Amino acid sequence: MALIERPATRDGGLVPAVVTPSSSYGVFRRPVETKGWKSWLFTIDHKKLGIMYGVTAIFFFFLGGFEALLIRAQLATNEGTILSADKYNQMFTMHATTMVFLFVMPMAAAFANYFVPLQIGARDVAFPRINAFGFWCFLFGAIFINTSWFLGGAADGGWFMYAPNSSVPFSPTSGIDFWTLGLQITGIASLTGAINLIVTVINMRAPGMSLMKMPIFTWMILIVQFLLLFAIPVITVALFLLMFQRNFDATFFSVEAGADPLLWQHLFWIFGHPEVYILILPSFGIVSEVLPVFSKKPLFGYPLVVFSGAAIGFVGWGVWAHHMFASGLGPISVAVFSVATMAIAIPTGVKIVNWIMTMWGGKLVFTTAMLFAIGLIVQFTIGGLSGVTHAVAPSDTQQTDTYYIVAHFHYVLFGGAVLGIFSGLYYWWPKMFGKLLNETLGKWNFWLMIIGMNLTFGPMHIIGLQGQPRRMYQTTDARAGEGFFNLNFWNLVASIGSLILGIGAFLFVINVFYSHRKNGPAPLDPWDARSLEWMTASPPKEHNFDAIPTVHHLDEFFHRKYEDRGEGEHHEYHQVATAEDVLAEQEANADKHIHLPSPSYWPIVLAFGLPVMAYGVIYNIWLIVVGGAIVMAAMYGWGLEPATATPDDYDPPTPEGGAELEVAHG
Amino acid sequence: MATDTQPATHSDAAHDDAHEEHWSDLSYIKLAIALALVTALEIAMSYTIGFWGPLFIPVLLLLMVVKFMAVVLFFMHLKFDNRLFSIMFYMGLILAIVVYFIALLTFRFFDA
Amino acid sequence: MADTAVHAATDHGHDDHGTHHTTTGLSNNKLAMWLFLGSECLLFGGLISTYMLYRGRHSENLGPDQLWDIPFTSASSFVLLMSSLTMVLAVTAAKRRDDRNTSLWLTVTAMLGALFVAGQIYEFTVFYREGLGFTTSLFSSSFYTLTGFHGVHVTVGVIMLLSVVGILMKRRTGEDKSELVEMVGLYWHFVDIVWILIFTLVYLIPA
């Protein structure tokens with residue numbers, strides 16, 4: 001996003017300048033391209049990074065989906081032979097790892113990166129280079145984990161990697177080492193991203209935007225970043241201990257050495273339970289944006305939605321042991337965690353009530369985005385209810401490690417997080433790419449996914465309560481049972497459902513290509529939206545806003561378009577301006593000087609050093625030294641590089657240097 | 001979280017922050033001497049466990065907290081700085097204490 | 001983890017426009033540093049808890065009671081504690097834009113830090129000679145992990161301190177670098193308070 005373009009021309013366009021080597025690199029030039037692959041590789045623009053996060057995440061969504069389809073194909077018939085027991089273990093481990101760490105989390109990061117600065121009226125995040133560094137950490141970490149498929153087999157201990165299955169005798173391949181080290185690297189992405197976004201939201205809001213005038217999506221993202229900030233170090237400890245155990249012969253989780261294997265479970269779930277809210281809250285934020293827009297009403301009980309989100313995040317720290325009810329914690333611990341877990345249903349219920357009340361009496365418009373949002377409310381509620389049955393410890397003891405659990409978390413994660421993400425994709429696509437997605441294909445996309453997911457995960461309640469354990473690679477006819485509860489029948493239904501689900505999800509990709517070929521430019525404000533991100537061009541300019549808006553209301557954009565002519569408590573909104581009008585006014589009052597940071601080589605170089613070090617841990621200690629040298633060199637390069645390009649990065653040199661952008665108008 | 005100062009006024013607030021309550025170098029040195037004395041007391045205690053009896057661990061922990069907070073509040077300037085910094089740090093600190101305390105409780109760590 | 005600290009710290013040096021435009025009027029860099037330190041509490045909390053859980057799990061003659069050399073550890077604790085003082089003096093000098101004294105105190109702090117690390121390496125070698133390897137017992141693994149993590153943090157801090165000295169020497173005098181120094185200072189004090197915890201919980205309280 002090197003804004004080296006100058007001087008400004010008469011029509012407000014920008015002319016790129018020729019670039020010369022910068023003194024800060026000696027023989028190298030500072031990357032200042034605005035077009036081509038270099039402009040992506042070295043970008044620090046939050047919008048480009050958001051798109052890169054999104055594209056990568058969706059790729060991993062389909063990879064993880066493919067793994068899931070293999071699992072279902074294996075279980076479609078009894079005595080399935082598609083996967084060996086070993087491959088099956090790798091498949092379910094990597095399916096979960098991919099979906100949790102490489103799809104839902106980065107997808108939330110994609111939306112957060114792209115829309116949080118826009119929603120708060122900022123030109124970028126607080127630390128653009130750290131933002132780029134985070135993305136590359138995620139990408140390299142993700143690739144690193146997946147290279148294990150070709151290097152002796154992937155991790156096979158299940159996504160929560162309990163001891164003793166995670167120890168070398170039970171998993172002699174390097175799969176778990178890849179998993180451990182790879183998650184450390186993606187963890188760095190999450191931690192730096194969390195710090196970055198929190199500072200951004202706290203410090204970079206447009207004038208007038210108090211915390212309670214912040215769009216609800218930004219609020220949910222803020223809460224999620226706090227959860228990440230405090231949860232990531234816990235998994236970091238756990239992963240380090242596991243790494244020391246596997247690679248350096250420590251015995252932190254070996255019972256035979258006198259260790260407490262529950263230590264891993266505690267550390268993992270102290271991270272893991274906040275993690276599930278890290279997965280779901282961004283989607284809650286998305287539907288809280290989508291529902292009001294397509295109900296033509298403000299969000300019902302905005303403060304309640306905010307505080308219930310914060311309450312979920314807070315209480316989410318006190319419930320981790322409900323994953324361990326069957327581990328012999330003792331009656332007092334179980335009772336306390338059981339009650340705390342039930343308590344979480346309250347703020348969640350508050351949110352659902354608020355969403356329904358938002359729709360109540362509204363002029364509902366059933367676009368695809370809206371359908372996905374409503375889908376979330378329905379499907380998540382089902383998952384939430386089965387969740388309450390796990391909170392009851394005696395019934396949980398029956399359900400632990402059965403398919404009933406699998407049914408529950410797919411209803412909340414697929415029916416919650418994933419449907420929310422799709423809602424966001426359909427809602428924000430025209431903003432990100434300037435093209436609407438096709439609605440007919442979108443509705444097929446939605447309905448096939450809904451039918452598919454209910455066919456897949458619905459029967460799992462039955463399968464689970466009938467006693468089929470999760471992670472069993474073959475079912476046998478002898479134990480299948482009879483009549484309505486025949487496990488083979490329901491397994492087949494689930495497998496057929498997963499195929500429908502897969503086709504439904506893939507329709508999204510088809511829709512993207514179809515829409516980008518067929519559709520013309522999208523209208524500026526296709527949904528009659530309410531929040532600040534829509535007060536920009538589609539796609540937004542590199543500097544987001546011509547003039548940083550001053551915020552007076554929650555739903556600022558709506559209030560700029562509509563005027564309240566009602567009296568007292570009675571509101572009557574009349575449209576007084578279109579989005580084009582609002583934008584034109586902004587352009588007319590454009591800020592004279594716009595400061596944008598310049599691109600940099602160092603984030604990608606620094607992030608590249610980490611997997612090199614990680615390969616070193618597994619294969620050769622000298623690689624650690626090489627990777628460490630790259631990291632150190634990149635850190636110094638980074639530290640000594642000015643945030644904005646210096647005058648000699650430009651040709652002819654600028655008087656002051658930096659990415660000073662003159663926007664001409666008139 | 002009540003920190004919604006408007007940009008129009010905040011710059012002044014920031015400057016006030018920077019200039020208020022500046023400790024002189026001398027007072028920092030005094031504090032450091034005090035911390036060194038507390039450390040000396042701790043070490044002395046560890047050689048006279050018998051004398052302290054059941055008070056040994058509580059007093060030792062108390063002295064640890066005193067030292068910890070002295071560094072946080074004065075050396076790290078948290079006492080004079082914006083409340084937001086305190087919120088950020090104490091949130092992590094308290095969360096860590098509570099969560100790990102509970103985890104150790106479930107291991108019956110404190111039973112003995 | 002240590003990576004982040006360096007970035008947060010170094011990013012500042014060049015962001016001359018940082019503090020003027022923020023919503024709260026607070027510096028982005030400082031806010032980021034405090035968030036990072038809040039996060040670090042959970043990292044060290046986990047390591048300390050692991051040690052506490054496992055500290056009694058060792059063979060009869062290779063436990064804390066046999067190994068700890070309290071006078072030596074007290075001396076190195078004192079060194080680290082005093083480095084916090086010199087760090088503060090560097091920060092106040094930087095606020096006065098007194099580059100000479102800033103560099104001086106930063107260098108002293110770095111040397112005290114290096115002395116501490118050297119002491120730790122010495123201590124580790126002694127323990128190793130007495131038979132306490134990393135994998136000898138759960139106690140030894142968790143002890144080396146905890147103190148090793150702290151040692152790495154101190155080492156990173158020393159590198160940061162020396163880098164700041166380098167930056168100060170390279171830049172024009174009188175330029176305001178106080179925030180950069182302050183950020184490194186925050187990190188440094190944090191490393192110190194973690195040691196305050198470790199000193200009491202690991203060394204002074206008998207297992």
# chains A, B, ... in the order shown; residues from 1 in each chain; ligands from 1

$ residues_around --residues "Phe110 (chain B)" --least-positions-apart "5" --cutoff "12 Å" --atoms "only C-alpha atoms" --output "ChimeraX atom specification"
/B:101-105 /C:52-53

$ write_last_selection --atoms "N, CA and C atoms" --output "PDB file, in the first residue's frame"
ATOM      1  N   PHE B 101      -4.607 -20.964  40.638  1.00  0.00           N
ATOM      2  CA  PHE B 101      -4.916 -21.352  42.013  1.00  0.00           C
ATOM      3  C   PHE B 101      -5.975 -22.458  41.995  1.00  0.00           C
ATOM      4  N   ILE B 102      -7.012 -22.244  41.191  1.00  0.00           N
ATOM      5  CA  ILE B 102      -8.073 -23.258  41.129  1.00  0.00           C
ATOM      6  C   ILE B 102      -7.528 -24.570  40.568  1.00  0.00           C
ATOM      7  N   ALA B 103      -6.696 -24.440  39.526  1.00  0.00           N
ATOM      8  CA  ALA B 103      -6.138 -25.661  38.934  1.00  0.00           C
ATOM      9  C   ALA B 103      -5.334 -26.430  39.976  1.00  0.00           C
ATOM     10  N   LEU B 104      -4.500 -25.706  40.758  1.00  0.00           N
ATOM     11  CA  LEU B 104      -3.710 -26.392  41.788  1.00  0.00           C
ATOM     12  C   LEU B 104      -4.613 -26.962  42.877  1.00  0.00           C
ATOM     13  N   LEU B 105      -5.727 -26.260  43.147  1.00  0.00           N
ATOM     14  CA  LEU B 105      -6.687 -26.781  44.132  1.00  0.00           C
ATOM     15  C   LEU B 105      -7.184 -28.153  43.714  1.00  0.00           C
TER      16      LEU B 105
ATOM     17  N   MET C  52       5.372 -25.816  40.923  1.00  0.00           N
ATOM     18  CA  MET C  52       4.819 -26.055  42.260  1.00  0.00           C
ATOM     19  C   MET C  52       4.258 -27.465  42.358  1.00  0.00           C
ATOM     20  N   LEU C  53       3.598 -27.890  41.295  1.00  0.00           N
ATOM     21  CA  LEU C  53       2.993 -29.217  41.294  1.00  0.00           C
ATOM     22  C   LEU C  53       4.063 -30.308  41.380  1.00  0.00           C
TER      23      LEU C  53
END

$ closest_atom_pairs --of "chain C" --to "chain A" --cutoff "6 Å" --atoms "only C-alpha atoms" --output "tab-separated table"
residue	atom	partner	partner_atom	distance
C:Thr10	CA	A:Gly639	CA	5.0
C:His14	CA	A:Pro642	CA	5.2
C:Thr22	CA	A:Asn203	CA	4.8
C:Thr23	CA	A:Asn203	CA	4.5
C:Thr24	CA	A:Asn203	CA	5.7
C:Ala32	CA	A:Ile195	CA	5.8
C:Ser39	CA	A:Phe230	CA	5.2
C:Leu42	CA	A:Pro233	CA	5.8
C:Leu43	CA	A:Pro233	CA	4.8
C:Thr135	CA	A:Ala250	CA	5.0

$ write_last_selection --atoms "all heavy atoms" --output "mmCIF file, in the first residue's frame"
data_model
loop_
_atom_site.group_PDB
_atom_site.id
_atom_site.type_symbol
_atom_site.label_atom_id
_atom_site.label_comp_id
_atom_site.auth_asym_id
_atom_site.auth_seq_id
_atom_site.Cartn_x
_atom_site.Cartn_y
_atom_site.Cartn_z
ATOM 1 N N THR C 10 10.510 -1.661 19.601
ATOM 2 C CA THR C 10 11.243 -0.973 18.565
ATOM 3 C C THR C 10 10.320 -0.210 17.632
ATOM 4 O O THR C 10 10.730 0.750 17.026
ATOM 5 C CB THR C 10 12.066 -1.974 17.754
ATOM 6 O OG1 THR C 10 11.207 -3.062 17.436
ATOM 7 C CG2 THR C 10 13.254 -2.451 18.532
ATOM 8 N N HIS C 14 10.153 4.958 15.801
ATOM 9 C CA HIS C 14 10.023 5.657 14.536
ATOM 10 C C HIS C 14 8.665 6.270 14.361
ATOM 11 O O HIS C 14 8.392 6.911 13.377
ATOM 12 C CB HIS C 14 10.305 4.671 13.425
ATOM 13 C CG HIS C 14 11.495 3.851 13.761
ATOM 14 N ND1 HIS C 14 12.760 4.368 13.739
ATOM 15 C CD2 HIS C 14 11.603 2.585 14.208
ATOM 16 C CE1 HIS C 14 13.603 3.433 14.135
ATOM 17 N NE2 HIS C 14 12.931 2.367 14.433
ATOM 18 N N THR C 22 -4.216 9.533 19.316
ATOM 19 C CA THR C 22 -4.956 8.392 19.821
ATOM 20 C C THR C 22 -6.201 8.848 20.582
ATOM 21 O O THR C 22 -6.261 9.947 21.122
ATOM 22 C CB THR C 22 -4.084 7.535 20.752
ATOM 23 O OG1 THR C 22 -3.740 8.313 21.891
ATOM 24 C CG2 THR C 22 -2.825 7.090 20.039
ATOM 25 N N THR C 23 -7.188 7.952 20.603
ATOM 26 C CA THR C 23 -8.471 8.271 21.219
ATOM 27 C C THR C 23 -8.317 8.577 22.696
ATOM 28 O O THR C 23 -8.930 9.505 23.217
ATOM 29 C CB THR C 23 -9.423 7.078 21.049
ATOM 30 O OG1 THR C 23 -9.371 6.661 19.693
ATOM 31 C CG2 THR C 23 -10.833 7.460 21.414
ATOM 32 N N THR C 24 -7.522 7.767 23.386
ATOM 33 C CA THR C 24 -7.397 7.943 24.829
ATOM 34 C C THR C 24 -6.267 8.895 25.191
ATOM 35 O O THR C 24 -6.119 9.243 26.348
ATOM 36 C CB THR C 24 -7.091 6.590 25.504
ATOM 37 O OG1 THR C 24 -5.933 6.046 24.869
ATOM 38 C CG2 THR C 24 -8.238 5.631 25.358
ATOM 39 N N ALA C 32 0.365 -1.385 24.240
ATOM 40 C CA ALA C 32 0.694 -2.726 23.736
ATOM 41 C C ALA C 32 1.618 -3.444 24.707
ATOM 42 O O ALA C 32 1.446 -4.638 24.977
ATOM 43 C CB ALA C 32 1.345 -2.623 22.361
ATOM 44 N N SER C 39 -0.413 -10.502 29.426
ATOM 45 C CA SER C 39 -0.425 -11.832 28.822
ATOM 46 C C SER C 39 0.687 -12.706 29.398
ATOM 47 O O SER C 39 0.480 -13.903 29.662
ATOM 48 C CB SER C 39 -0.279 -11.661 27.314
ATOM 49 O OG SER C 39 -0.056 -12.867 26.679
ATOM 50 N N LEU C 42 0.113 -14.906 32.478
ATOM 51 C CA LEU C 42 -0.436 -16.251 32.350
ATOM 52 C C LEU C 42 0.616 -17.242 31.899
ATOM 53 O O LEU C 42 0.530 -18.421 32.213
ATOM 54 C CB LEU C 42 -1.652 -16.245 31.421
ATOM 55 C CG LEU C 42 -2.865 -15.718 32.181
ATOM 56 C CD1 LEU C 42 -3.340 -14.408 31.634
ATOM 57 C CD2 LEU C 42 -3.954 -16.748 32.248
ATOM 58 N N LEU C 43 1.601 -16.765 31.161
ATOM 59 C CA LEU C 43 2.699 -17.652 30.763
ATOM 60 C C LEU C 43 3.485 -18.094 31.991
ATOM 61 O O LEU C 43 3.649 -19.291 32.255
ATOM 62 C CB LEU C 43 3.618 -16.943 29.769
ATOM 63 C CG LEU C 43 4.748 -17.817 29.245
ATOM 64 C CD1 LEU C 43 4.311 -18.530 27.976
ATOM 65 C CD2 LEU C 43 5.998 -17.009 28.976
ATOM 66 N N THR C 135 16.349 -34.064 32.501
ATOM 67 C CA THR C 135 15.348 -35.132 32.548
ATOM 68 C C THR C 135 15.485 -36.015 33.772
ATOM 69 O O THR C 135 14.870 -37.074 33.847
ATOM 70 C CB THR C 135 15.458 -36.012 31.291
ATOM 71 O OG1 THR C 135 16.794 -36.542 31.239
ATOM 72 C CG2 THR C 135 15.200 -35.217 30.041
#

$ closest_atom_pairs --of "chain C" --to "chain B" --cutoff "8 Å" --atoms "only C-alpha atoms" --output "JSON lines"
{"residue": "C:His20", "atom": "CA", "partner": "B:Ser11", "partner_atom": "CA", "distance": 6.5}
{"residue": "C:His21", "atom": "CA", "partner": "B:Pro7", "partner_atom": "CA", "distance": 7.1}
{"residue": "C:Thr22", "atom": "CA", "partner": "B:Pro7", "partner_atom": "CA", "distance": 7.1}
{"residue": "C:Thr23", "atom": "CA", "partner": "B:Pro7", "partner_atom": "CA", "distance": 5.5}
{"residue": "C:Thr24", "atom": "CA", "partner": "B:Thr5", "partner_atom": "CA", "distance": 5.5}
{"residue": "C:Gly25", "atom": "CA", "partner": "B:His10", "partner_atom": "CA", "distance": 4.9}
{"residue": "C:Leu26", "atom": "CA", "partner": "B:Ala14", "partner_atom": "CA", "distance": 6.2}
{"residue": "C:Leu31", "atom": "CA", "partner": "B:Phe85", "partner_atom": "CA", "distance": 6.5}
{"residue": "C:Trp34", "atom": "CA", "partner": "B:Phe89", "partner_atom": "CA", "distance": 5.9}
{"residue": "C:Leu35", "atom": "CA", "partner": "B:Met88", "partner_atom": "CA", "distance": 5.6}
{"residue": "C:Leu37", "atom": "CA", "partner": "B:Phe89", "partner_atom": "CA", "distance": 6.5}
{"residue": "C:Gly38", "atom": "CA", "partner": "B:Gly92", "partner_atom": "CA", "distance": 4.3}
{"residue": "C:Ser39", "atom": "CA", "partner": "B:Gly92", "partner_atom": "CA", "distance": 5.8}
{"residue": "C:Glu40", "atom": "CA", "partner": "B:Gly92", "partner_atom": "CA", "distance": 7.9}
{"residue": "C:Cys41", "atom": "CA", "partner": "B:Leu93", "partner_atom": "CA", "distance": 5.4}
{"residue": "C:Leu42", "atom": "CA", "partner": "B:Ala96", "partner_atom": "CA", "distance": 4.9}
{"residue": "C:Gly45", "atom": "CA", "partner": "B:Ala96", "partner_atom": "CA", "distance": 5.8}
{"residue": "C:Gly46", "atom": "CA", "partner": "B:Tyr100", "partner_atom": "CA", "distance": 6.9}
{"residue": "C:Ser49", "atom": "CA", "partner": "B:Tyr100", "partner_atom": "CA", "distance": 6.6}
{"residue": "C:Leu53", "atom": "CA", "partner": "B:Phe109", "partner_atom": "CA", "distance": 6.9}
{"residue": "C:Ile70", "atom": "CA", "partner": "B:Ile43", "partner_atom": "CA", "distance": 7.8}
{"residue": "C:Ser74", "atom": "CA", "partner": "B:Ile43", "partner_atom": "CA", "distance": 7.3}
{"residue": "C:Phe78", "atom": "CA", "partner": "B:Ala36", "partner_atom": "CA", "distance": 6.9}
{"residue": "C:Leu81", "atom": "CA", "partner": "B:Ala36", "partner_atom": "CA", "distance": 7.5}
{"residue": "C:Met82", "atom": "CA", "partner": "B:Ala32", "partner_atom": "CA", "distance": 6.9}
{"residue": "C:Ser84", "atom": "CA", "partner": "B:Phe75", "partner_atom": "CA", "distance": 7.4}
{"residue": "C:Leu85", "atom": "CA", "partner": "B:Ala32", "partner_atom": "CA", "distance": 6.2}
{"residue": "C:Val88", "atom": "CA", "partner": "B:Phe75", "partner_atom": "CA", "distance": 6.2}
{"residue": "C:Leu89", "atom": "CA", "partner": "B:Asp25", "partner_atom": "CA", "distance": 6.4}
{"residue": "C:Thr92", "atom": "CA", "partner": "B:Asp25", "partner_atom": "CA", "distance": 7.4}
{"residue": "C:Gly185", "atom": "CA", "partner": "B:Met76", "partner_atom": "CA", "distance": 7.6}
{"residue": "C:Leu186", "atom": "CA", "partner": "B:Met76", "partner_atom": "CA", "distance": 5.8}
{"residue": "C:His189", "atom": "CA", "partner": "B:Met76", "partner_atom": "CA", "distance": 6.6}
{"residue": "C:Phe190", "atom": "CA", "partner": "B:Val72", "partner_atom": "CA", "distance": 7.9}
{"residue": "C:Ile193", "atom": "CA", "partner": "B:Phe68", "partner_atom": "CA", "distance": 5.5}
{"residue": "C:Ile196", "atom": "CA", "partner": "B:Phe68", "partner_atom": "CA", "distance": 6.5}
{"residue": "C:Leu197", "atom": "CA", "partner": "B:Met64", "partner_atom": "CA", "distance": 6.5}
{"residue": "C:Thr200", "atom": "CA", "partner": "B:Met64", "partner_atom": "CA", "distance": 6.6}
{"residue": "C:Leu204", "atom": "CA", "partner": "B:Ser46", "partner_atom": "CA", "distance": 5.9}
{"residue": "C:Ile205", "atom": "CA", "partner": "B:Ile57", "partner_atom": "CA", "distance": 6.8}

$ closest_residue --among "A:Ser598, A:Gln468, A:Thr456, A:Thr186" --to "Leu492 (chain A)" --atoms "only C-alpha atoms"
A:Thr456

$ residues_around --residues "region 136-147 of chain C" --least-positions-apart "4" --cutoff "8 Å" --atoms "only C-alpha atoms" --output "mmCIF file with N, CA, C and O atoms, in the first residue's frame"
data_model
loop_
_atom_site.group_PDB
_atom_site.id
_atom_site.type_symbol
_atom_site.label_atom_id
_atom_site.label_comp_id
_atom_site.auth_asym_id
_atom_site.auth_seq_id
_atom_site.Cartn_x
_atom_site.Cartn_y
_atom_site.Cartn_z
ATOM 1 N N ALA A 250 11.798 -34.973 28.521
ATOM 2 C CA ALA A 250 11.222 -34.679 29.835
ATOM 3 C C ALA A 250 10.012 -35.591 30.046
ATOM 4 O O ALA A 250 9.578 -36.284 29.122
ATOM 5 N N THR A 251 9.463 -35.584 31.248
ATOM 6 C CA THR A 251 8.377 -36.524 31.539
ATOM 7 C C THR A 251 7.168 -35.841 32.156
ATOM 8 O O THR A 251 6.518 -36.388 33.024
ATOM 9 N N PHE A 252 6.870 -34.637 31.670
ATOM 10 C CA PHE A 252 5.834 -33.835 32.326
ATOM 11 C C PHE A 252 4.482 -34.540 32.423
ATOM 12 O O PHE A 252 3.700 -34.265 33.315
ATOM 13 N N ALA A 257 6.494 -41.899 35.268
ATOM 14 C CA ALA A 257 7.552 -41.111 35.911
ATOM 15 C C ALA A 257 6.994 -40.332 37.103
ATOM 16 O O ALA A 257 7.679 -39.470 37.654
ATOM 17 N N GLY A 258 5.755 -40.597 37.461
ATOM 18 C CA GLY A 258 5.167 -39.922 38.605
ATOM 19 C C GLY A 258 4.462 -38.629 38.269
ATOM 20 O O GLY A 258 4.093 -37.872 39.161
ATOM 21 N N ALA A 259 4.271 -38.358 36.982
ATOM 22 C CA ALA A 259 3.647 -37.095 36.594
ATOM 23 C C ALA A 259 2.128 -37.185 36.667
ATOM 24 O O ALA A 259 1.559 -38.271 36.796
ATOM 25 N N PHE C 44 3.947 -17.124 32.772
ATOM 26 C CA PHE C 44 4.745 -17.487 33.938
ATOM 27 C C PHE C 44 3.889 -18.156 35.003
ATOM 28 O O PHE C 44 4.378 -19.020 35.736
ATOM 29 N N LEU C 47 3.959 -21.745 34.160
ATOM 30 C CA LEU C 47 5.252 -22.381 34.442
ATOM 31 C C LEU C 47 5.468 -22.535 35.939
ATOM 32 O O LEU C 47 5.944 -23.576 36.412
ATOM 33 N N ILE C 48 5.092 -21.491 36.698
ATOM 34 C CA ILE C 48 5.257 -21.572 38.156
ATOM 35 C C ILE C 48 4.365 -22.676 38.712
ATOM 36 O O ILE C 48 4.781 -23.476 39.548
ATOM 37 N N THR C 50 3.292 -25.332 37.222
ATOM 38 C CA THR C 50 3.869 -26.637 36.880
ATOM 39 C C THR C 50 4.986 -26.989 37.855
ATOM 40 O O THR C 50 5.066 -28.116 38.367
ATOM 41 N N TYR C 51 5.829 -26.000 38.147
ATOM 42 C CA TYR C 51 6.916 -26.262 39.097
ATOM 43 C C TYR C 51 6.357 -26.601 40.481
ATOM 44 O O TYR C 51 6.806 -27.549 41.136
ATOM 45 N N TYR C 54 5.181 -30.085 40.722
ATOM 46 C CA TYR C 54 6.182 -31.140 40.581
ATOM 47 C C TYR C 54 7.398 -30.979 41.485
ATOM 48 O O TYR C 54 8.320 -31.784 41.425
ATOM 49 N N ARG C 55 7.441 -29.929 42.301
ATOM 50 C CA ARG C 55 8.698 -29.647 43.003
ATOM 51 C C ARG C 55 9.086 -30.753 43.976
ATOM 52 O O ARG C 55 10.250 -30.920 44.283
ATOM 53 N N GLY C 56 8.104 -31.505 44.468
ATOM 54 C CA GLY C 56 8.437 -32.565 45.421
ATOM 55 C C GLY C 56 8.759 -33.884 44.750
ATOM 56 O O GLY C 56 9.065 -34.865 45.424
ATOM 57 N N ARG C 57 8.672 -33.939 43.434
ATOM 58 C CA ARG C 57 8.801 -35.245 42.766
ATOM 59 C C ARG C 57 10.223 -35.434 42.238
ATOM 60 O O ARG C 57 10.511 -35.140 41.091
ATOM 61 N N HIS C 58 11.097 -35.894 43.149
ATOM 62 C CA HIS C 58 12.499 -36.081 42.793
ATOM 63 C C HIS C 58 13.043 -37.216 43.636
ATOM 64 O O HIS C 58 12.427 -37.638 44.631
ATOM 65 N N SER C 59 14.238 -37.688 43.290
ATOM 66 C CA SER C 59 14.841 -38.749 44.081
ATOM 67 C C SER C 59 15.326 -38.161 45.410
ATOM 68 O O SER C 59 15.467 -36.947 45.540
ATOM 69 N N GLY C 63 17.022 -33.084 45.633
ATOM 70 C CA GLY C 63 15.894 -32.171 45.721
ATOM 71 C C GLY C 63 16.370 -30.781 46.069
ATOM 72 O O GLY C 63 17.571 -30.550 46.236
ATOM 73 N N GLY C 131 24.503 -33.900 39.420
ATOM 74 C CA GLY C 131 23.679 -34.995 38.916
ATOM 75 C C GLY C 131 22.274 -34.603 38.491
ATOM 76 O O GLY C 131 21.470 -35.469 38.150
ATOM 77 N N LEU C 132 21.951 -33.320 38.529
ATOM 78 C CA LEU C 132 20.590 -32.902 38.200
ATOM 79 C C LEU C 132 20.517 -32.493 36.724
ATOM 80 O O LEU C 132 20.712 -31.332 36.374
ATOM 81 N N GLY C 151 15.354 -16.977 32.353
ATOM 82 C CA GLY C 151 16.679 -16.600 31.876
ATOM 83 C C GLY C 151 16.647 -16.102 30.439
ATOM 84 O O GLY C 151 17.320 -15.123 30.094
#

$ select_by_dssp --residues "region 122-294 of chain A" --states "helix (DSSP H, G or I)" --output "MDAnalysis selection string"
chainID A and resid 128:150 175:203 211:213 216:248 255:257 262:294

$ atom_distance --atom1 "CA of Ile421 (chain A)" --atom2 "CA of Met342 (chain A)"
26.2 Å

$ atom_distance --atom1 "CA of Phe51 (chain B)" --atom2 "CA of Leu37 (chain B)"
19.3 Å

$ residues_around --residues "Asp176 (chain C)" --least-positions-apart "4" --cutoff "9 Å" --atoms "only C-alpha atoms" --output "list in words"
Ala94, Lys95, Arg97 and Leu180 of chain C

$ closest_residue --among "A:Trp320, A:Phe513, A:Tyr162, A:Tyr426" --to "chain B" --atoms "only C-alpha atoms"
A:Trp320

$ closest_residue --among "C:Phe149, C:Tyr187, C:Phe116, C:Tyr203" --to "Met87 (chain C)" --atoms "only C-alpha atoms"
C:Tyr187

$ decode --residues "region 82-101 of chain C" --atoms "C-alpha atoms" --output "mmCIF file, in the first residue's frame"
data_model
loop_
_atom_site.group_PDB
_atom_site.id
_atom_site.type_symbol
_atom_site.label_atom_id
_atom_site.label_comp_id
_atom_site.auth_asym_id
_atom_site.auth_seq_id
_atom_site.Cartn_x
_atom_site.Cartn_y
_atom_site.Cartn_z
ATOM 1 C CA MET C 82 19.471 -3.418 41.669
ATOM 2 C CA SER C 83 19.238 -3.555 37.876
ATOM 3 C CA SER C 84 15.647 -2.391 38.297
ATOM 4 C CA LEU C 85 16.984 0.676 40.077
ATOM 5 C CA THR C 86 19.511 1.451 37.361
ATOM 6 C CA MET C 87 16.754 0.954 34.802
ATOM 7 C CA VAL C 88 14.611 3.530 36.554
ATOM 8 C CA LEU C 89 17.538 5.928 36.584
ATOM 9 C CA ALA C 90 17.920 5.400 32.841
ATOM 10 C CA VAL C 91 14.237 6.199 32.322
ATOM 11 C CA THR C 92 14.371 9.401 34.353
ATOM 12 C CA ALA C 93 17.538 10.439 32.519
ATOM 13 C CA ALA C 94 15.802 9.777 29.207
ATOM 14 C CA LYS C 95 12.872 11.929 30.302
ATOM 15 C CA ARG C 96 15.317 14.741 30.944
ATOM 16 C CA ARG C 97 16.695 14.035 27.441
ATOM 17 C CA ASP C 98 20.031 13.405 29.041
ATOM 18 C CA ASP C 99 21.422 10.969 26.466
ATOM 19 C CA ARG C 100 24.742 10.471 28.192
ATOM 20 C CA ASN C 101 23.295 9.325 31.481
#
